[in-house]
Every structure is written in structure tokens, then in C-alpha cells.
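Asks: Below is the file input_34.pdb, with PDB, C-alpha atoms, pLDDT in the B column.
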MODEL        1
ATOM      1  CA  MET A   1     165.065  64.733 112.651  1.00 41.00           C
ATOM      2  CA  GLU A   2     162.213  67.243 112.696  1.00 40.00           C
ATOM      3  CA  GLY A   3     162.347  69.656 109.810  1.00 44.00           C
ATOM      4  CA  SER A   4     164.610  67.454 107.701  1.00 42.00           C
ATOM      5  CA  LEU A   5     163.627  66.650 104.158  1.00 39.00           C
ATOM      6  CA  PRO A   6     162.170  63.182 103.512  1.00 43.00           C
ATOM      7  CA  LYS A   7     164.478  60.756 101.770  1.00 45.00           C
ATOM      8  CA  THR A   8     163.679  60.103  98.140  1.00 42.00           C
ATOM      9  CA  ARG A   9     163.953  56.626  96.803  1.00 45.00           C
ATOM     10  CA  SER A  10     165.749  56.089  93.517  1.00 42.00           C
ATOM     11  CA  LYS A  11     163.598  54.394  90.954  1.00 46.00           C
ATOM     12  CA  PRO A  12     164.655  50.844  90.164  1.00 50.00           C
ATOM     13  CA  ARG A  13     166.741  50.490  87.028  1.00 52.00           C
ATOM     14  CA  ALA A  14     164.356  47.904  85.599  1.00 51.00           C
ATOM     15  CA  ALA A  15     161.425  50.307  85.900  1.00 51.00           C
ATOM     16  CA  SER A  16     163.248  53.034  83.991  1.00 53.00           C
ATOM     17  CA  LEU A  17     164.301  50.577  81.315  1.00 51.00           C
ATOM     18  CA  THR A  18     160.785  49.338  80.686  1.00 56.00           C
ATOM     19  CA  ARG A  19     159.718  52.883  79.855  1.00 68.00           C
ATOM     20  CA  ASP A  20     162.519  53.272  77.319  1.00 87.00           C
ATOM     21  CA  PRO A  21     162.272  50.512  74.683  1.00 91.00           C
ATOM     22  CA  GLU A  22     165.464  51.487  72.835  1.00 93.00           C
ATOM     23  CA  ARG A  23     167.470  51.611  76.040  1.00 94.00           C
ATOM     24  CA  THR A  24     166.016  48.304  77.170  1.00 94.00           C
ATOM     25  CA  ARG A  25     166.835  46.618  73.894  1.00 95.00           C
ATOM     26  CA  ALA A  26     170.376  48.007  73.938  1.00 96.00           C
ATOM     27  CA  ALA A  27     170.912  46.826  77.522  1.00 96.00           C
ATOM     28  CA  ILE A  28     169.761  43.318  76.636  1.00 97.00           C
ATOM     29  CA  LEU A  29     172.018  43.212  73.570  1.00 97.00           C
ATOM     30  CA  ARG A  30     175.039  44.322  75.625  1.00 97.00           C
ATOM     31  CA  ALA A  31     174.307  41.735  78.280  1.00 97.00           C
ATOM     32  CA  ALA A  32     173.749  38.983  75.725  1.00 97.00           C
ATOM     33  CA  THR A  33     176.974  39.855  73.917  1.00 97.00           C
ATOM     34  CA  ALA A  34     178.940  39.620  77.152  1.00 97.00           C
ATOM     35  CA  GLU A  35     177.272  36.362  78.214  1.00 97.00           C
ATOM     36  CA  ILE A  36     177.646  34.638  74.836  1.00 96.00           C
ATOM     37  CA  THR A  37     181.228  35.848  74.460  1.00 95.00           C
ATOM     38  CA  ALA A  38     182.107  34.421  77.864  1.00 94.00           C
ATOM     39  CA  LYS A  39     180.187  31.134  77.700  1.00 94.00           C
ATOM     40  CA  GLY A  40     179.322  30.477  74.062  1.00 92.00           C
ATOM     41  CA  LEU A  41     175.821  30.083  72.712  1.00 93.00           C
ATOM     42  CA  THR A  42     175.219  26.747  74.419  1.00 92.00           C
ATOM     43  CA  GLY A  43     176.514  27.888  77.800  1.00 94.00           C
ATOM     44  CA  ALA A  44     174.766  31.266  77.818  1.00 95.00           C
ATOM     45  CA  ARG A  45     171.620  31.366  79.945  1.00 96.00           C
ATOM     46  CA  VAL A  46     168.604  33.611  79.472  1.00 96.00           C
ATOM     47  CA  ASP A  47     168.345  34.142  83.244  1.00 96.00           C
ATOM     48  CA  ALA A  48     171.951  35.318  83.386  1.00 97.00           C
ATOM     49  CA  ILE A  49     171.459  37.670  80.440  1.00 97.00           C
ATOM     50  CA  ALA A  50     168.351  39.198  82.022  1.00 97.00           C
ATOM     51  CA  ALA A  51     170.219  39.660  85.305  1.00 96.00           C
ATOM     52  CA  ARG A  52     173.154  41.344  83.531  1.00 96.00           C
ATOM     53  CA  ALA A  53     170.758  43.672  81.715  1.00 96.00           C
ATOM     54  CA  GLY A  54     168.768  44.454  84.852  1.00 95.00           C
ATOM     55  CA  VAL A  55     165.467  43.495  83.267  1.00 94.00           C
ATOM     56  CA  ASN A  56     162.777  40.916  83.781  1.00 92.00           C
ATOM     57  CA  LYS A  57     163.290  37.797  81.694  1.00 93.00           C
ATOM     58  CA  ARG A  58     159.893  38.368  80.095  1.00 94.00           C
ATOM     59  CA  MET A  59     161.227  41.593  78.588  1.00 93.00           C
ATOM     60  CA  LEU A  60     163.894  39.613  76.790  1.00 94.00           C
ATOM     61  CA  TYR A  61     161.274  37.336  75.241  1.00 95.00           C
ATOM     62  CA  HIS A  62     159.124  40.358  74.401  1.00 95.00           C
ATOM     63  CA  TYR A  63     161.879  42.006  72.344  1.00 96.00           C
ATOM     64  CA  PHE A  64     163.636  38.995  70.832  1.00 97.00           C
ATOM     65  CA  GLY A  65     161.253  36.056  70.931  1.00 96.00           C
ATOM     66  CA  ASP A  66     163.654  33.430  72.280  1.00 95.00           C
ATOM     67  CA  LYS A  67     167.327  32.755  72.916  1.00 95.00           C
ATOM     68  CA  GLN A  68     167.996  32.020  69.257  1.00 95.00           C
ATOM     69  CA  GLY A  69     166.318  35.252  68.194  1.00 96.00           C
ATOM     70  CA  LEU A  70     168.413  37.154  70.696  1.00 97.00           C
ATOM     71  CA  TYR A  71     171.598  35.524  69.442  1.00 97.00           C
ATOM     72  CA  LEU A  72     170.774  36.486  65.856  1.00 97.00           C
ATOM     73  CA  ALA A  73     170.098  40.060  67.003  1.00 97.00           C
ATOM     74  CA  VAL A  74     173.493  40.098  68.718  1.00 98.00           C
ATOM     75  CA  LEU A  75     175.189  38.944  65.511  1.00 97.00           C
ATOM     76  CA  GLU A  76     173.403  41.570  63.412  1.00 97.00           C
ATOM     77  CA  HIS A  77     174.138  44.306  65.939  1.00 97.00           C
ATOM     78  CA  THR A  78     177.805  43.311  66.057  1.00 97.00           C
ATOM     79  CA  TYR A  79     178.178  43.406  62.284  1.00 97.00           C
ATOM     80  CA  ALA A  80     176.210  46.661  62.051  1.00 97.00           C
ATOM     81  CA  ALA A  81     178.595  48.314  64.516  1.00 97.00           C
ATOM     82  CA  ILE A  82     181.765  47.610  62.534  1.00 97.00           C
ATOM     83  CA  ARG A  83     180.110  48.413  59.204  1.00 97.00           C
ATOM     84  CA  ALA A  84     178.843  51.768  60.542  1.00 97.00           C
ATOM     85  CA  ALA A  85     182.314  52.587  61.847  1.00 97.00           C
ATOM     86  CA  GLU A  86     183.792  51.793  58.421  1.00 97.00           C
ATOM     87  CA  ILE A  87     181.366  54.136  56.704  1.00 96.00           C
ATOM     88  CA  GLY A  88     182.453  56.830  59.136  1.00 96.00           C
ATOM     89  CA  LEU A  89     186.025  56.539  57.852  1.00 97.00           C
ATOM     90  CA  ASN A  90     185.020  58.378  54.651  1.00 96.00           C
ATOM     91  CA  LEU A  91     187.563  56.328  52.734  1.00 96.00           C
ATOM     92  CA  THR A  92     186.463  57.442  49.295  1.00 94.00           C
ATOM     93  CA  GLU A  93     187.426  61.024  50.153  1.00 96.00           C
ATOM     94  CA  LEU A  94     191.073  59.988  50.495  1.00 97.00           C
ATOM     95  CA  ASP A  95     193.582  59.114  47.804  1.00 96.00           C
ATOM     96  CA  PRO A  96     193.568  55.355  47.075  1.00 98.00           C
ATOM     97  CA  VAL A  97     196.759  54.443  48.964  1.00 98.00           C
ATOM     98  CA  ALA A  98     195.854  56.517  52.034  1.00 98.00           C
ATOM     99  CA  GLY A  99     192.316  55.145  51.984  1.00 98.00           C
ATOM    100  CA  MET A 100     193.487  51.542  51.803  1.00 98.00           C
ATOM    101  CA  ARG A 101     196.020  52.087  54.559  1.00 98.00           C
ATOM    102  CA  LYS A 102     193.330  53.616  56.771  1.00 98.00           C
ATOM    103  CA  LEU A 103     190.979  50.691  56.159  1.00 98.00           C
ATOM    104  CA  VAL A 104     193.667  48.122  56.991  1.00 98.00           C
ATOM    105  CA  LEU A 105     194.722  49.854  60.211  1.00 98.00           C
ATOM    106  CA  PHE A 106     191.112  50.453  61.239  1.00 98.00           C
ATOM    107  CA  THR A 107     190.249  46.776  60.744  1.00 98.00           C
ATOM    108  CA  TRP A 108     193.280  45.683  62.746  1.00 98.00           C
ATOM    109  CA  GLN A 109     192.570  48.099  65.592  1.00 98.00           C
ATOM    110  CA  TYR A 110     188.910  47.092  65.653  1.00 98.00           C
ATOM    111  CA  PHE A 111     189.918  43.471  66.179  1.00 98.00           C
ATOM    112  CA  ILE A 112     192.160  44.548  69.059  1.00 98.00           C
ATOM    113  CA  ASP A 113     189.510  46.737  70.686  1.00 98.00           C
ATOM    114  CA  HIS A 114     186.597  44.334  70.212  1.00 97.00           C
ATOM    115  CA  PRO A 115     187.549  40.791  71.255  1.00 96.00           C
ATOM    116  CA  GLU A 116     183.837  40.028  71.551  1.00 95.00           C
ATOM    117  CA  PHE A 117     183.558  40.477  67.778  1.00 97.00           C
ATOM    118  CA  LEU A 118     186.173  37.796  67.139  1.00 96.00           C
ATOM    119  CA  SER A 119     184.586  35.501  69.696  1.00 95.00           C
ATOM    120  CA  LEU A 120     181.147  35.797  68.125  1.00 96.00           C
ATOM    121  CA  LEU A 121     182.589  35.149  64.666  1.00 95.00           C
ATOM    122  CA  ALA A 122     184.281  32.005  65.950  1.00 93.00           C
ATOM    123  CA  THR A 123     181.051  30.828  67.579  1.00 93.00           C
ATOM    124  CA  GLU A 124     178.977  31.372  64.448  1.00 95.00           C
ATOM    125  CA  ASN A 125     181.558  29.681  62.244  1.00 95.00           C
ATOM    126  CA  MET A 126     181.350  26.654  64.511  1.00 93.00           C
ATOM    127  CA  ASN A 127     177.620  26.760  63.790  1.00 93.00           C
ATOM    128  CA  ARG A 128     178.424  26.910  60.046  1.00 96.00           C
ATOM    129  CA  ALA A 129     176.620  30.291  59.958  1.00 97.00           C
ATOM    130  CA  ALA A 130     173.313  28.528  60.646  1.00 96.00           C
ATOM    131  CA  TYR A 131     171.851  31.554  62.414  1.00 96.00           C
ATOM    132  CA  LEU A 132     173.446  34.208  60.212  1.00 96.00           C
ATOM    133  CA  LYS A 133     171.919  32.556  57.140  1.00 96.00           C
ATOM    134  CA  THR A 134     168.469  33.418  58.496  1.00 96.00           C
ATOM    135  CA  SER A 135     169.284  37.144  58.725  1.00 96.00           C
ATOM    136  CA  LYS A 136     167.363  39.381  56.341  1.00 94.00           C
ATOM    137  CA  GLN A 137     169.787  42.287  56.646  1.00 93.00           C
ATOM    138  CA  ILE A 138     173.299  40.859  56.807  1.00 94.00           C
ATOM    139  CA  ARG A 139     174.080  41.167  53.095  1.00 92.00           C
ATOM    140  CA  THR A 140     172.688  44.687  52.936  1.00 94.00           C
ATOM    141  CA  LEU A 141     174.952  45.668  55.823  1.00 93.00           C
ATOM    142  CA  HIS A 142     178.041  44.641  53.874  1.00 93.00           C
ATOM    143  CA  ALA A 143     177.198  46.291  50.568  1.00 94.00           C
ATOM    144  CA  PRO A 144     178.615  49.746  51.518  1.00 95.00           C
ATOM    145  CA  LEU A 145     181.945  48.219  52.579  1.00 96.00           C
ATOM    146  CA  VAL A 146     182.368  46.386  49.284  1.00 96.00           C
ATOM    147  CA  GLY A 147     181.363  49.529  47.431  1.00 97.00           C
ATOM    148  CA  MET A 148     183.969  51.674  49.218  1.00 97.00           C
ATOM    149  CA  ILE A 149     186.733  49.181  48.518  1.00 98.00           C
ATOM    150  CA  GLU A 150     185.659  48.949  44.894  1.00 98.00           C
ATOM    151  CA  VAL A 151     185.861  52.753  44.532  1.00 97.00           C
ATOM    152  CA  LEU A 152     189.381  52.802  45.997  1.00 98.00           C
ATOM    153  CA  LEU A 153     190.491  49.975  43.728  1.00 98.00           C
ATOM    154  CA  LYS A 154     189.102  51.580  40.571  1.00 98.00           C
ATOM    155  CA  ARG A 155     190.604  54.968  41.393  1.00 98.00           C
ATOM    156  CA  GLY A 156     193.892  53.341  42.309  1.00 98.00           C
ATOM    157  CA  ALA A 157     193.990  51.468  38.997  1.00 97.00           C
ATOM    158  CA  ALA A 158     193.127  54.652  37.066  1.00 97.00           C
ATOM    159  CA  GLU A 159     195.947  56.504  38.848  1.00 97.00           C
ATOM    160  CA  LYS A 160     198.275  53.542  38.256  1.00 96.00           C
ATOM    161  CA  VAL A 161     199.041  53.079  41.954  1.00 97.00           C
ATOM    162  CA  PHE A 162     197.057  49.796  42.123  1.00 98.00           C
ATOM    163  CA  ARG A 163     196.942  47.010  39.577  1.00 97.00           C
ATOM    164  CA  ALA A 164     193.649  46.384  37.834  1.00 97.00           C
ATOM    165  CA  GLY A 165     191.295  43.453  38.197  1.00 97.00           C
ATOM    166  CA  ILE A 166     191.365  42.990  41.983  1.00 98.00           C
ATOM    167  CA  ASP A 167     188.252  41.494  43.561  1.00 98.00           C
ATOM    168  CA  PRO A 168     187.161  43.753  46.478  1.00 98.00           C
ATOM    169  CA  ILE A 169     185.689  40.838  48.430  1.00 97.00           C
ATOM    170  CA  GLU A 170     188.843  38.725  48.099  1.00 98.00           C
ATOM    171  CA  LEU A 171     190.898  41.730  49.173  1.00 98.00           C
ATOM    172  CA  TYR A 172     188.831  42.379  52.282  1.00 98.00           C
ATOM    173  CA  ILE A 173     188.961  38.712  53.257  1.00 98.00           C
ATOM    174  CA  SER A 174     192.764  38.918  53.080  1.00 98.00           C
ATOM    175  CA  ILE A 175     192.822  42.105  55.174  1.00 98.00           C
ATOM    176  CA  ALA A 176     190.598  40.520  57.813  1.00 98.00           C
ATOM    177  CA  ALA A 177     192.428  37.184  57.750  1.00 98.00           C
ATOM    178  CA  LEU A 178     195.841  38.734  58.382  1.00 98.00           C
ATOM    179  CA  GLY A 179     194.484  40.284  61.556  1.00 98.00           C
ATOM    180  CA  PHE A 180     191.984  37.643  62.644  1.00 98.00           C
ATOM    181  CA  PHE A 181     194.438  34.754  62.613  1.00 97.00           C
ATOM    182  CA  TYR A 182     196.987  36.688  64.661  1.00 98.00           C
ATOM    183  CA  MET A 183     194.481  37.781  67.310  1.00 98.00           C
ATOM    184  CA  SER A 184     192.767  34.390  67.521  1.00 96.00           C
ATOM    185  CA  ASN A 185     196.041  32.472  67.850  1.00 97.00           C
ATOM    186  CA  ARG A 186     198.364  34.926  69.577  1.00 97.00           C
ATOM    187  CA  HIS A 187     198.457  32.973  72.848  1.00 97.00           C
ATOM    188  CA  THR A 188     199.583  29.720  71.250  1.00 98.00           C
ATOM    189  CA  LEU A 189     201.901  31.588  68.873  1.00 98.00           C
ATOM    190  CA  SER A 190     203.446  33.452  71.812  1.00 98.00           C
ATOM    191  CA  THR A 191     204.173  30.138  73.506  1.00 98.00           C
ATOM    192  CA  ILE A 192     205.577  28.535  70.363  1.00 98.00           C
ATOM    193  CA  PHE A 193     207.906  31.416  69.498  1.00 97.00           C
ATOM    194  CA  GLY A 194     208.701  32.516  73.037  1.00 98.00           C
ATOM    195  CA  GLU A 195     207.550  36.098  72.462  1.00 97.00           C
ATOM    196  CA  ASN A 196     204.665  38.121  73.841  1.00 98.00           C
ATOM    197  CA  LEU A 197     202.615  38.764  70.728  1.00 98.00           C
ATOM    198  CA  SER A 198     200.048  40.687  72.796  1.00 98.00           C
ATOM    199  CA  ALA A 199     202.583  43.357  73.780  1.00 98.00           C
ATOM    200  CA  PRO A 200     201.556  46.839  72.551  1.00 98.00           C
ATOM    201  CA  GLU A 201     204.680  47.251  70.446  1.00 98.00           C
ATOM    202  CA  ARG A 202     204.079  43.888  68.764  1.00 98.00           C
ATOM    203  CA  LEU A 203     200.495  44.847  67.944  1.00 98.00           C
ATOM    204  CA  VAL A 204     201.666  48.090  66.338  1.00 98.00           C
ATOM    205  CA  ARG A 205     204.313  46.188  64.373  1.00 98.00           C
ATOM    206  CA  ARG A 206     201.734  43.663  63.204  1.00 98.00           C
ATOM    207  CA  GLY A 207     199.432  46.416  61.986  1.00 98.00           C
ATOM    208  CA  GLU A 208     202.202  47.951  59.892  1.00 98.00           C
ATOM    209  CA  HIS A 209     203.095  44.508  58.562  1.00 98.00           C
ATOM    210  CA  ILE A 210     199.529  43.962  57.367  1.00 98.00           C
ATOM    211  CA  VAL A 211     199.584  47.364  55.641  1.00 98.00           C
ATOM    212  CA  GLU A 212     202.849  46.503  53.879  1.00 98.00           C
ATOM    213  CA  VAL A 213     201.557  43.116  52.726  1.00 98.00           C
ATOM    214  CA  ILE A 214     198.300  44.522  51.356  1.00 98.00           C
ATOM    215  CA  LEU A 215     199.884  47.527  49.632  1.00 98.00           C
ATOM    216  CA  ALA A 216     202.578  45.312  48.107  1.00 98.00           C
ATOM    217  CA  TYR A 217     199.856  43.061  46.706  1.00 98.00           C
ATOM    218  CA  LEU A 218     198.057  46.061  45.234  1.00 98.00           C
ATOM    219  CA  LYS A 219     201.078  47.539  43.450  1.00 97.00           C
ATOM    220  CA  PRO A 220     200.969  47.451  39.652  1.00 95.00           C
ATOM    221  CA  THR A 221     203.055  44.754  38.031  1.00 85.00           C
ATOM    222  CA  LYS A 222     206.150  46.184  36.389  1.00 76.00           C
ATOM    223  CA  LEU A 223     206.641  45.145  32.777  1.00 51.00           C
TER     224      LEU A 223
ENDMDL
END
With the file now loaded, output its structure as C-alpha cells.

Replies:
Amino acid sequence: MEGSLPKTRSKPRAASLTRDPERTRAAILRAATAEITAKGLTGARVDAIAARAGVNKRMLYHYFGDKQGLYLAVLEHTYAAIRAAEIGLNLTELDPVAGMRKLVLFTWQYFIDHPEFLSLLATENMNRAAYLKTSKQIRTLHAPLVGMIEVLLKRGAAEKVFRAGIDPIELYISIAALGFFYMSNRHTLSTIFGENLSAPERLVRRGEHIVEVILAYLKPTKL
């Protein structure tokens, strides 16, 4: 119609991504996480990841080198996310019991909210951590977590609410295991026991159970 404004065309998503390296990289990582979680490392395809991310496949190679490099980046990004969230808990500002309870419940809820995390862990364990072993940052990422737990344990022992001599790494493995096994096996366990272990009320109950188990383990031994 005469006098009407000309229609403006929206710029393609791929074009905007190529001008924003951080956004492009993040989009590729999200797409790769989804693809690998759904299909495993062997089944995931670079073409499918590029399509999910809305980028040219060459951009993927530009940022990550190859499929294996992208997978390692996904693993590092996944670990970095949970470790950053743990730091944000400010556990060392709490009293030892409250801090430990918060860590346990956070870990449990993180497993519930991030099934892709559990899936990637399972995939990499099947690979015997072959890719993770090549990471130059994975151990550095975990140092703050161990340090926070160690502070809580030392303060708890000094205040006589925790027993002394507890290994922070062993403790965290137990915290993670009590949640990981449940989430990874809840479908078979639900069938075996005839109960819906994915029901919200069961998940809440499980979280409190893990807290009780861990805090009971930490209690000082009575003479």
C-alpha cells in the first residue's frame, strides 16, 4: 500500500551469533550437551549439534577443533557450572551443621534439576574418564569444593559437633553417591519396589534421608 512503511527483515540468528563469540560458544555448548545427553558421544553428530545451535558447522570446528574437543569442553563446562554454584552457597559463613546440610540438599537438588549432568557423568565413566584425563583445568575446578568441606569439617570438630579425622573427598563422594545412585536407578527401583520413586514427595524424603545419613556419620563418637 502506498505510504506504508517497508517491511524490515530480521537478521538471521546465525549472523548475529557469528558477531558474538561468547554467545556462539555458549550456544554450541548447550546444543552439544543436549545432543550428547540424548544420544551419547558415539551417537551424537556434529551436523545435528550445529543445527541445534543455529550455526554453521565450520564455526563448531573453529571454536572446539573437533568432536572430541567439543565433548571435553562440554564436560569442563558442566563441572564448572556445579562448582560455581557450590561456591555461591557461601557455606563457610554458616555454622558447620547448617553448612553441611545446605551442601547435601544442594547436591541432591542439583542432580534432580540437571539430569544432563548425571548422563554426562555416566558417559564419561563408560569411557573410563579418557577425555576428562586430558583436561588441564578439571582438578583446579574442584579445589574450592574440597576446601569448603575441609573448613566445615575442621570447624565442626573444633566445636565438637563433628568427629575429627574425616577425609573431605571421601565425604563428598558419599554425599554424591547417595543421590547419584537413586537418580540413576530410580526407574528400575520403582519397578522392583512398586513405588514411584520419582514422585515429588519421595524426592523430598530422599533428600532428608541423605542429610540424616551424612550428619549421623559426622557426629562425634560418644565415649

Asks: Can you work out which one of A:Ile28, A:Ala158, A:Ala176, A:Ala73 has the shortest atom-to-atom distance to A:Arg58, counting all atoms listed in the file?

Replies: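 Among the listed residues, A:Ile28 lies closest to A:Arg58.
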
Asks: What does the distance between atom CA of A:Ala85 and atom CA of A:Ala34 come to in Å, to one decimal place?

Replies: 20.3 Å

Asks: Closest to A:Thr107 among A:Ala44, A:Ala216, A:Met126, A:Ala177, using only C-alpha atoms?

Replies: A:Ala177

Asks: With 4 Å of padding per side, what axis-aligned box (centre and edge lengths, Å, one decimal) covers all the listed atoms of stretch 95-109 of chain A? Give it as JSON.

Replies:
{"center_x": 193.5, "center_y": 52.4, "center_z": 56.3, "size_x": 14.5, "size_y": 21.4, "size_z": 26.5}

Asks: Taking all atoms listed in the file into account, name the residue in A:Ala38, A:Ala129, A:Leu152, A:Ala27 that is nearest to A:Ala51.

Replies: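 When distances to A:Ala51 are compared using all atoms listed in the file, the smallest one comes from A:Ala27.
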
Asks: Separation of atom CA of A:Tyr71 and atom CA of A:Ile36, in Å?

Replies: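 Computing it gives 8.2 Å between the two atoms.
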
Asks: Within 10 Å of (174.6, 35.5, 66.7) in the file's own coordinates, which protein, DNA or RNA residues have an atom, counting all atoms listed in the file? List them as a PyMOL selection string.

Replies: chain A and resi 32-33+36+41+67-79+120-121+123-124+127+129-132+135

Asks: Determine the residue set returned by the PyMOL selection byres ((chain A and resi 195-208) around 12) for the present structure, and present it as a VMD selection string.

Replies: chain A and resid 101 to 113 175 to 176 178 to 194 209 to 215

Asks: Residues of the last selection are to be written out with C-alpha atoms, as a PDB file, in the coordinates of the input.

Replies:
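Wrote it out as part31.pdb, contents follow:
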ATOM      1  CA  ARG A 101     196.020  52.087  54.559  1.00 98.00           C
ATOM      2  CA  LYS A 102     193.330  53.616  56.771  1.00 98.00           C
ATOM      3  CA  LEU A 103     190.979  50.691  56.159  1.00 98.00           C
ATOM      4  CA  VAL A 104     193.667  48.122  56.991  1.00 98.00           C
ATOM      5  CA  LEU A 105     194.722  49.854  60.211  1.00 98.00           C
ATOM      6  CA  PHE A 106     191.112  50.453  61.239  1.00 98.00           C
ATOM      7  CA  THR A 107     190.249  46.776  60.744  1.00 98.00           C
ATOM      8  CA  TRP A 108     193.280  45.683  62.746  1.00 98.00           C
ATOM      9  CA  GLN A 109     192.570  48.099  65.592  1.00 98.00           C
ATOM     10  CA  TYR A 110     188.910  47.092  65.653  1.00 98.00           C
ATOM     11  CA  PHE A 111     189.918  43.471  66.179  1.00 98.00           C
ATOM     12  CA  ILE A 112     192.160  44.548  69.059  1.00 98.00           C
ATOM     13  CA  ASP A 113     189.510  46.737  70.686  1.00 98.00           C
ATOM     14  CA  ILE A 175     192.822  42.105  55.174  1.00 98.00           C
ATOM     15  CA  ALA A 176     190.598  40.520  57.813  1.00 98.00           C
ATOM     16  CA  LEU A 178     195.841  38.734  58.382  1.00 98.00           C
ATOM     17  CA  GLY A 179     194.484  40.284  61.556  1.00 98.00           C
ATOM     18  CA  PHE A 180     191.984  37.643  62.644  1.00 98.00           C
ATOM     19  CA  PHE A 181     194.438  34.754  62.613  1.00 97.00           C
ATOM     20  CA  TYR A 182     196.987  36.688  64.661  1.00 98.00           C
ATOM     21  CA  MET A 183     194.481  37.781  67.310  1.00 98.00           C
ATOM     22  CA  SER A 184     192.767  34.390  67.521  1.00 96.00           C
ATOM     23  CA  ASN A 185     196.041  32.472  67.850  1.00 97.00           C
ATOM     24  CA  ARG A 186     198.364  34.926  69.577  1.00 97.00           C
ATOM     25  CA  HIS A 187     198.457  32.973  72.848  1.00 97.00           C
ATOM     26  CA  THR A 188     199.583  29.720  71.250  1.00 98.00           C
ATOM     27  CA  LEU A 189     201.901  31.588  68.873  1.00 98.00           C
ATOM     28  CA  SER A 190     203.446  33.452  71.812  1.00 98.00           C
ATOM     29  CA  THR A 191     204.173  30.138  73.506  1.00 98.00           C
ATOM     30  CA  ILE A 192     205.577  28.535  70.363  1.00 98.00           C
ATOM     31  CA  PHE A 193     207.906  31.416  69.498  1.00 97.00           C
ATOM     32  CA  GLY A 194     208.701  32.516  73.037  1.00 98.00           C
ATOM     33  CA  HIS A 209     203.095  44.508  58.562  1.00 98.00           C
ATOM     34  CA  ILE A 210     199.529  43.962  57.367  1.00 98.00           C
ATOM     35  CA  VAL A 211     199.584  47.364  55.641  1.00 98.00           C
ATOM     36  CA  GLU A 212     202.849  46.503  53.879  1.00 98.00           C
ATOM     37  CA  VAL A 213     201.557  43.116  52.726  1.00 98.00           C
ATOM     38  CA  ILE A 214     198.300  44.522  51.356  1.00 98.00           C
ATOM     39  CA  LEU A 215     199.884  47.527  49.632  1.00 98.00           C
TER      40      LEU A 215
END

Asks: Go through A:Leu60, A:Ala48, A:Leu171, A:Leu141 and flag the residue nearest A:Leu29, using all atoms listed in the file for the distances.

Replies: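 Closest to A:Leu29, using all atoms listed in the file: A:Leu60.
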
Asks: In Å, with one decimal, what is the gap from atom CA of A:Asn90 to atom CA of A:Glu150?

Replies: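 Separation of atom CA of A:Asn90 and atom CA of A:Glu150: 13.6 Å.
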
Asks: Find, counting only C-alpha atoms, the residue in A:Val55, A:Ile82, A:Glu159, A:Ile173 that gets nearest to A:Glu116.

Replies: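 Closest residue, counting only C-alpha atoms: A:Ile82.
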
Asks: From the set A:Ser119, A:Thr24, A:Thr37, A:Asn125, which residue has the shortest atom-to-atom contact distance to A:Asn56, counting all atoms listed in the file?

Replies: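 Selected residue with least distance to A:Asn56: A:Thr24.
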
Asks: For the PyMOL selection byres ((chain A and resi 154) around 12), applied here, can you spell out every residue it catches as a VMD selection string?

Replies: chain A and resid 92 95 to 97 147 to 153 155 to 168 218

Asks: Would you write out those residues with C-alpha atoms, as a PDB file, in the frame of the given file?

Replies:
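See again-v4.pdb below for the written result:
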ATOM      1  CA  THR A  92     186.463  57.442  49.295  1.00 94.00           C
ATOM      2  CA  ASP A  95     193.582  59.114  47.804  1.00 96.00           C
ATOM      3  CA  PRO A  96     193.568  55.355  47.075  1.00 98.00           C
ATOM      4  CA  VAL A  97     196.759  54.443  48.964  1.00 98.00           C
ATOM      5  CA  GLY A 147     181.363  49.529  47.431  1.00 97.00           C
ATOM      6  CA  MET A 148     183.969  51.674  49.218  1.00 97.00           C
ATOM      7  CA  ILE A 149     186.733  49.181  48.518  1.00 98.00           C
ATOM      8  CA  GLU A 150     185.659  48.949  44.894  1.00 98.00           C
ATOM      9  CA  VAL A 151     185.861  52.753  44.532  1.00 97.00           C
ATOM     10  CA  LEU A 152     189.381  52.802  45.997  1.00 98.00           C
ATOM     11  CA  LEU A 153     190.491  49.975  43.728  1.00 98.00           C
ATOM     12  CA  ARG A 155     190.604  54.968  41.393  1.00 98.00           C
ATOM     13  CA  GLY A 156     193.892  53.341  42.309  1.00 98.00           C
ATOM     14  CA  ALA A 157     193.990  51.468  38.997  1.00 97.00           C
ATOM     15  CA  ALA A 158     193.127  54.652  37.066  1.00 97.00           C
ATOM     16  CA  GLU A 159     195.947  56.504  38.848  1.00 97.00           C
ATOM     17  CA  LYS A 160     198.275  53.542  38.256  1.00 96.00           C
ATOM     18  CA  VAL A 161     199.041  53.079  41.954  1.00 97.00           C
ATOM     19  CA  PHE A 162     197.057  49.796  42.123  1.00 98.00           C
ATOM     20  CA  ARG A 163     196.942  47.010  39.577  1.00 97.00           C
ATOM     21  CA  ALA A 164     193.649  46.384  37.834  1.00 97.00           C
ATOM     22  CA  GLY A 165     191.295  43.453  38.197  1.00 97.00           C
ATOM     23  CA  ILE A 166     191.365  42.990  41.983  1.00 98.00           C
ATOM     24  CA  ASP A 167     188.252  41.494  43.561  1.00 98.00           C
ATOM     25  CA  PRO A 168     187.161  43.753  46.478  1.00 98.00           C
ATOM     26  CA  LEU A 218     198.057  46.061  45.234  1.00 98.00           C
TER      27      LEU A 218
END
